[in-house]
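The structure file target_0.cif is reproduced below (mmCIF, C-alpha atoms and all ligand atoms).
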```cif
data_start
#
loop_
_atom_site.label_atom_id
_atom_site.label_comp_id
_atom_site.auth_asym_id
_atom_site.auth_seq_id
_atom_site.Cartn_x
_atom_site.Cartn_y
_atom_site.Cartn_z
CA MET O 1170 56.88 -9.05 -21.32
CA GLN O 1171 59.64 -8.42 -18.80
CA LYS O 1172 60.96 -5.07 -17.62
CA HIS O 1173 64.72 -4.90 -18.09
CA LEU O 1174 67.11 -2.35 -16.68
CA ILE O 1175 70.54 -2.33 -18.32
CA VAL O 1176 73.31 -0.54 -16.42
CA VAL O 1177 76.47 -0.08 -18.46
CA ALA O 1178 79.83 1.52 -17.72
CA HIS O 1179 82.26 2.27 -20.54
CA PRO O 1180 83.59 5.73 -21.41
CA VAL O 1181 83.96 5.16 -25.17
CA GLU O 1182 80.83 5.09 -27.28
CA ASP O 1183 82.32 2.92 -30.07
CA SER O 1184 84.03 0.47 -27.70
CA PHE O 1185 83.35 -3.24 -27.90
CA THR O 1186 81.52 -3.01 -24.57
CA MET O 1187 79.08 -0.46 -25.98
CA SER O 1188 78.56 -2.50 -29.20
CA LEU O 1189 77.85 -5.49 -27.01
CA THR O 1190 75.34 -3.42 -25.05
CA ARG O 1191 73.54 -2.39 -28.23
CA ALA O 1192 73.37 -6.06 -29.34
CA TYR O 1193 72.01 -7.05 -25.91
CA VAL O 1194 69.37 -4.32 -25.91
CA GLY O 1195 68.42 -4.99 -29.54
CA GLU O 1196 67.82 -8.66 -28.84
CA LEU O 1197 65.66 -7.86 -25.79
CA ILE O 1198 63.57 -5.42 -27.81
CA ARG O 1199 63.24 -7.97 -30.63
CA ALA O 1200 61.94 -10.44 -28.04
CA GLY O 1201 59.27 -7.93 -27.04
CA HIS O 1202 60.62 -6.83 -23.66
CA ASP O 1203 60.53 -3.38 -22.13
CA VAL O 1204 64.09 -2.02 -21.85
CA ARG O 1205 65.53 0.94 -19.99
CA VAL O 1206 69.25 1.72 -20.28
CA HIS O 1207 71.35 3.59 -17.76
CA ASP O 1208 74.50 4.45 -19.70
CA LEU O 1209 76.39 5.82 -16.72
CA TYR O 1210 79.09 7.81 -18.56
CA ARG O 1211 76.70 9.41 -21.08
CA MET O 1212 74.27 10.24 -18.24
CA GLY O 1213 77.10 11.94 -16.36
CA PHE O 1214 76.33 9.78 -13.32
CA ASP O 1215 78.23 10.97 -10.25
CA PRO O 1216 79.90 7.86 -8.80
CA VAL O 1217 81.17 9.54 -5.62
CA LEU O 1218 79.37 8.61 -2.42
CA SER O 1219 79.40 11.82 -0.40
CA ALA O 1220 79.73 12.20 3.36
CA ARG O 1221 76.16 13.50 3.61
CA GLU O 1222 74.75 10.57 1.70
CA LEU O 1223 76.79 8.09 3.67
CA ILE O 1224 75.82 9.50 7.04
CA ASP O 1225 72.15 10.29 6.39
CA GLY O 1226 71.43 8.23 3.28
CA ASN O 1227 69.10 5.84 5.08
CA ASP O 1228 66.66 8.70 5.35
CA VAL O 1229 64.70 8.72 2.09
CA HIS O 1230 64.28 12.52 2.27
CA ILE O 1231 68.03 12.98 2.14
CA ARG O 1232 68.74 10.61 -0.73
CA MET O 1233 69.93 12.48 -3.81
CA VAL O 1234 67.53 12.77 -6.75
CA ASP O 1235 69.78 10.83 -9.15
CA VAL O 1236 69.94 7.95 -6.68
CA LEU O 1237 66.19 8.01 -6.03
CA VAL O 1238 65.48 7.83 -9.77
CA ALA O 1239 68.01 5.01 -10.22
CA GLN O 1240 66.49 3.12 -7.28
CA GLU O 1241 62.96 3.52 -8.68
CA ASP O 1242 64.19 1.99 -11.93
CA VAL O 1243 65.74 -0.94 -10.07
CA LEU O 1244 62.48 -1.52 -8.16
CA ALA O 1245 60.46 -1.37 -11.37
CA ALA O 1246 62.69 -3.92 -13.14
CA ASP O 1247 62.16 -7.68 -13.31
CA VAL O 1248 65.73 -8.09 -14.51
CA VAL O 1249 68.78 -5.87 -13.96
CA THR O 1250 71.80 -6.47 -16.22
CA ALA O 1251 75.18 -4.92 -15.42
CA ILE O 1252 77.60 -4.63 -18.36
CA TYR O 1253 81.23 -3.56 -17.92
CA PRO O 1254 84.82 -4.36 -18.87
CA LEU O 1255 87.06 -5.91 -16.22
CA TRP O 1256 89.57 -3.31 -15.16
CA TRP O 1257 92.15 -4.66 -12.73
CA MET O 1258 89.78 -7.64 -12.48
CA SER O 1259 87.15 -5.37 -11.00
CA MET O 1260 84.44 -3.09 -12.30
CA PRO O 1261 85.27 0.40 -13.57
CA ALA O 1262 85.08 2.99 -10.76
CA MET O 1263 81.96 4.40 -12.47
CA MET O 1264 80.08 1.11 -12.00
CA LYS O 1265 81.45 0.64 -8.50
CA GLY O 1266 80.24 4.14 -7.60
CA TYR O 1267 76.78 3.30 -8.97
CA ILE O 1268 76.72 0.22 -6.70
CA ASP O 1269 78.01 2.21 -3.71
CA ARG O 1270 75.36 4.89 -4.11
CA VAL O 1271 72.33 3.09 -5.58
CA PHE O 1272 72.60 -0.26 -3.76
CA SER O 1273 72.56 1.57 -0.46
CA ARG O 1274 71.84 0.24 3.00
CA GLY O 1275 68.12 0.17 3.61
CA PHE O 1276 67.48 -0.13 -0.13
CA ALA O 1277 69.55 -3.08 -1.39
CA TYR O 1278 70.52 -4.65 1.91
CA GLU O 1279 70.23 -4.59 5.65
CA ALA O 1280 73.03 -5.64 7.96
CA GLU O 1281 72.42 -6.91 11.46
CA GLN O 1282 74.99 -8.46 13.74
CA GLY O 1283 77.43 -8.92 10.87
CA LYS O 1284 74.86 -10.63 8.65
CA VAL O 1285 73.80 -9.10 5.35
CA ARG O 1286 70.23 -9.55 4.16
CA GLY O 1287 69.43 -8.66 0.55
CA LEU O 1288 66.31 -6.56 0.03
CA LEU O 1289 65.94 -6.87 -3.75
CA SER O 1290 64.76 -10.46 -3.81
CA GLY O 1291 62.15 -11.43 -6.38
CA ARG O 1292 64.27 -9.79 -9.07
CA ARG O 1293 66.72 -11.38 -11.44
CA ALA O 1294 70.13 -10.10 -12.46
CA ALA O 1295 72.62 -10.86 -15.19
CA VAL O 1296 76.24 -9.79 -15.47
CA VAL O 1297 78.12 -9.32 -18.74
CA THR O 1298 81.86 -8.67 -18.59
CA VAL O 1299 84.73 -8.26 -21.05
CA SER O 1300 88.45 -8.91 -20.55
CA GLY O 1301 91.67 -8.60 -22.49
CA ALA O 1302 93.05 -11.83 -21.04
CA PRO O 1303 91.84 -15.30 -22.05
CA LEU O 1304 89.29 -16.74 -19.62
CA ALA O 1305 91.41 -19.90 -19.22
CA ALA O 1306 94.32 -17.83 -17.86
CA LEU O 1307 92.01 -16.04 -15.41
CA VAL O 1308 90.59 -19.36 -14.17
CA GLN O 1309 94.00 -21.00 -13.93
CA ASP O 1310 95.43 -18.61 -11.34
CA GLY O 1311 92.17 -17.94 -9.47
CA ARG O 1312 91.50 -14.37 -10.69
CA TRP O 1313 88.19 -15.46 -12.24
CA GLN O 1314 86.96 -17.19 -9.06
CA ALA O 1315 87.97 -14.16 -6.97
CA MET O 1316 86.08 -11.85 -9.31
CA GLU O 1317 82.98 -14.07 -9.29
CA LEU O 1318 82.97 -14.26 -5.51
CA LEU O 1319 83.32 -10.52 -5.01
CA GLN O 1320 81.06 -9.31 -7.82
CA ASP O 1321 78.47 -12.00 -8.61
CA THR O 1322 78.06 -13.28 -5.08
CA HIS O 1323 79.03 -10.46 -2.81
CA ILE O 1324 77.25 -7.72 -4.77
CA PHE O 1325 74.36 -9.10 -6.82
CA ARG O 1326 73.39 -12.19 -4.84
CA ALA O 1327 74.03 -10.38 -1.54
CA ALA O 1328 71.50 -7.73 -2.61
CA GLY O 1329 68.92 -10.50 -3.07
CA PHE O 1330 68.96 -10.94 -6.84
CA GLU O 1331 68.70 -14.35 -8.42
CA LEU O 1332 71.71 -14.28 -10.76
CA VAL O 1333 70.51 -15.94 -13.96
CA GLY O 1334 73.86 -15.86 -15.71
CA HIS O 1335 77.25 -14.25 -16.13
CA LEU O 1336 78.37 -13.98 -19.74
CA HIS O 1337 82.06 -13.25 -20.18
CA ILE O 1338 83.65 -12.28 -23.47
CA ASP O 1339 87.43 -12.72 -23.28
CA GLU O 1340 90.40 -11.73 -25.42
CA VAL O 1341 88.90 -8.41 -26.42
CA GLY O 1342 91.55 -5.90 -27.44
CA PRO O 1343 92.25 -3.14 -29.93
CA ALA O 1344 93.15 -5.70 -32.63
CA LEU O 1345 89.90 -7.63 -32.36
CA ALA O 1346 89.22 -9.19 -35.79
CA PRO O 1347 85.82 -8.27 -37.25
CA SER O 1348 84.93 -11.97 -37.57
CA THR O 1349 85.76 -12.55 -33.88
CA ALA O 1350 83.73 -9.49 -32.87
CA ALA O 1351 80.78 -10.75 -34.91
CA ALA O 1352 81.01 -14.18 -33.25
CA ASP O 1353 81.19 -12.51 -29.83
CA LEU O 1354 78.09 -10.43 -30.56
CA ALA O 1355 76.30 -13.58 -31.71
CA ARG O 1356 77.12 -15.10 -28.29
CA VAL O 1357 75.58 -12.04 -26.64
CA ARG O 1358 72.33 -12.43 -28.62
CA GLU O 1359 72.26 -16.14 -27.85
CA PHE O 1360 72.68 -15.40 -24.11
CA VAL O 1361 69.68 -13.07 -24.26
CA ARG O 1362 67.56 -15.59 -26.17
CA GLY O 1363 68.61 -18.38 -23.77
CA HIS O 1364 67.61 -16.50 -20.63
CA PHE O 1365 64.74 -14.24 -21.62
CA ALA O 1366 62.07 -15.93 -23.70
CA SER O 1367 60.47 -13.95 -26.48
CA VAL O 1368 56.92 -12.76 -25.89
CA HIS O 1369 56.28 -13.68 -29.54
CA ALA O 1370 57.04 -17.38 -28.94
CA ALA O 1371 54.02 -19.67 -29.13
C1 LIG B 1 92.22 0.40 -16.70
C2 LIG B 1 92.14 -0.94 -17.38
C3 LIG B 1 92.37 -2.08 -16.64
C4 LIG B 1 92.26 -3.34 -17.23
N1 LIG B 1 92.44 -4.46 -16.47
C5 LIG B 1 92.30 -5.68 -17.03
C6 LIG B 1 92.42 -6.86 -16.23
O1 LIG B 1 92.65 -6.82 -15.03
N2 LIG B 1 92.30 -8.07 -16.85
C7 LIG B 1 92.04 -8.18 -18.20
O2 LIG B 1 91.93 -9.29 -18.70
N3 LIG B 1 91.88 -7.07 -18.96
C8 LIG B 1 92.01 -5.84 -18.42
N4 LIG B 1 91.84 -4.71 -19.18
C9 LIG B 1 91.48 -4.88 -20.59
C10 LIG B 1 90.00 -4.69 -20.79
O3 LIG B 1 89.18 -5.55 -20.04
C11 LIG B 1 89.73 -4.91 -22.29
O4 LIG B 1 90.78 -4.45 -23.04
C12 LIG B 1 88.61 -4.13 -22.70
O5 LIG B 1 87.54 -4.63 -22.01
C13 LIG B 1 88.36 -4.18 -24.21
O6 LIG B 1 87.03 -3.85 -24.48
P1 LIG B 1 86.52 -2.36 -24.81
O7 LIG B 1 86.85 -2.10 -26.27
O8 LIG B 1 85.08 -2.43 -24.58
O9 LIG B 1 87.27 -1.43 -23.93
C14 LIG B 1 91.95 -3.44 -18.61
C15 LIG B 1 91.74 -2.27 -19.36
C16 LIG B 1 91.82 -1.04 -18.76
C17 LIG B 1 91.57 0.19 -19.58
#
```
Whole structure given in structure tokens:
Amino acid sequence: MQKHLIVVAHPVEDSFTMSLTRAYVGELIRAGHDVRVHDLYRMGFDPVLSARELIDGNDVHIRMVDVLVAQEDVLAADVVTAIYPLWWMSMPAMMKGYIDRVFSRGFAYEAEQGKVRGLLSGRRAAVVTVSGAPLAALVQDGRWQAMELLQDTHIFRAAGFELVGHLHIDEVGPALAPSTAAADLARVREFVRGHFASVHAA
């Protein structure tokens, strides 16, 4: 049994991103894993890193309660999965604010003489993203590689996680055909089964 923390950022409860999240969580539970979900919009997470937190945040007594709780959940997890749509090829500001505040210096990384050392090693991470554009178009002009470098490598690997996979579902828009959505959700379940073995397996 693995302990999974799912962090998801999408404002609309019946969006494709949230359906995908439910499929992901359902498959983990079916496989017998322990799952905790941080649905940042529904939790009312405050994504704004304040001056006080930035200046004194290294001091554990000054860290805000919401950040301390979020950090405890990261420490308790074997696997952290971040799920979000690509907005301007980046993460929604809500997810970025979670990273800014929760993956703080002294917790997720240390920096000395220009070198960053991740502090969350021993844990695995997965990233699941959604885009309107076809993946081939993103790869062709370099947007995909730029996004991977800045998000997969510079955030998750830099914090020390072993990134087990990045699942991307492309061409998701308002006119998504039900059959395409079903196939996409099947890919999500397959990703979970492929990376996180069931405790029920012999
Ligand atoms: C503010 C905003 C910015 C977006 N930027 C991009 C983008 O840079 N590239 C892209 O392919 N899709 C972009 N999209 C489209 C979304 O990724 C896509 O429509 C959305 O993920 C559909 O899934 P949903 O139903 O979960 O929202 C953007 C959407 C919004 C709302």
What residues of the protein or nucleic acid chains come within 7 Å of ligand LIG 1 (chain B) when you use all atoms listed in the file? Reply as a list in words.
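Residues satisfying the distance criterion: His1179, Ser1184, Phe1185, Thr1186, Met1187, Pro1254, Leu1255, Trp1256, Trp1257, Met1258, Ser1259, Val1299, Ser1300, Gly1301, Ala1302, Pro1303, Val1341, Gly1342 and Pro1343 of chain O.
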Which residue gives the smallest distance to Tyr1278 of chain O among O:Val1308, O:Ala1351, O:Ala1328, O:Val1249, with only C-alpha atoms counted?
O:Ala1328
Using all atoms listed in the file for the distances, tell me which of O:Arg1286, O:His1337, O:Arg1211, O:His1202 is nearest to Leu1307 of chain O.
O:His1337
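Nearest-residue note for Ile1198 of chain O: choosing from O:Ile1324, O:Arg1358, O:Ser1290, O:Gly1329, the minimum distance belongs to O:Arg1358, counting all atoms listed in the file.
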One number please: atom CA of Tyr1193 of chain O to atom CA of Val1181 of chain O, in Å, one decimal.
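Atom CA of Val1181 of chain O lies at a distance of 17.1 Å from atom CA of Tyr1193 of chain O.
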Would you work out the distance separating atom CA of Ala1200 of chain O from atom CA of Val1248 of chain O, expressed in Å to one decimal?
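Atom-to-atom, atom CA of Ala1200 of chain O to atom CA of Val1248 of chain O, that is 14.2 Å.
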Between O:Asp1225, O:Glu1281, O:Glu1241, O:Asp1247, single out the one closest to Phe1365 of chain O, counting all atoms listed in the file.
O:Asp1247
From the set O:Pro1261, O:Gly1266, O:Gly1201, O:Gly1195, which residue has the shortest atom-to-atom contact distance to Pro1180 of chain O, counting all atoms listed in the file?
O:Pro1261
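Note that the spacing between atom CA of Met1233 of chain O and atom CA of Ser1273 of chain O amounts to 11.7 Å.
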O:Val1194, O:Val1243, O:Val1236, O:Gln1314 ranked by distance to Leu1218 of chain O, top pick (using only C-alpha atoms):
O:Val1236
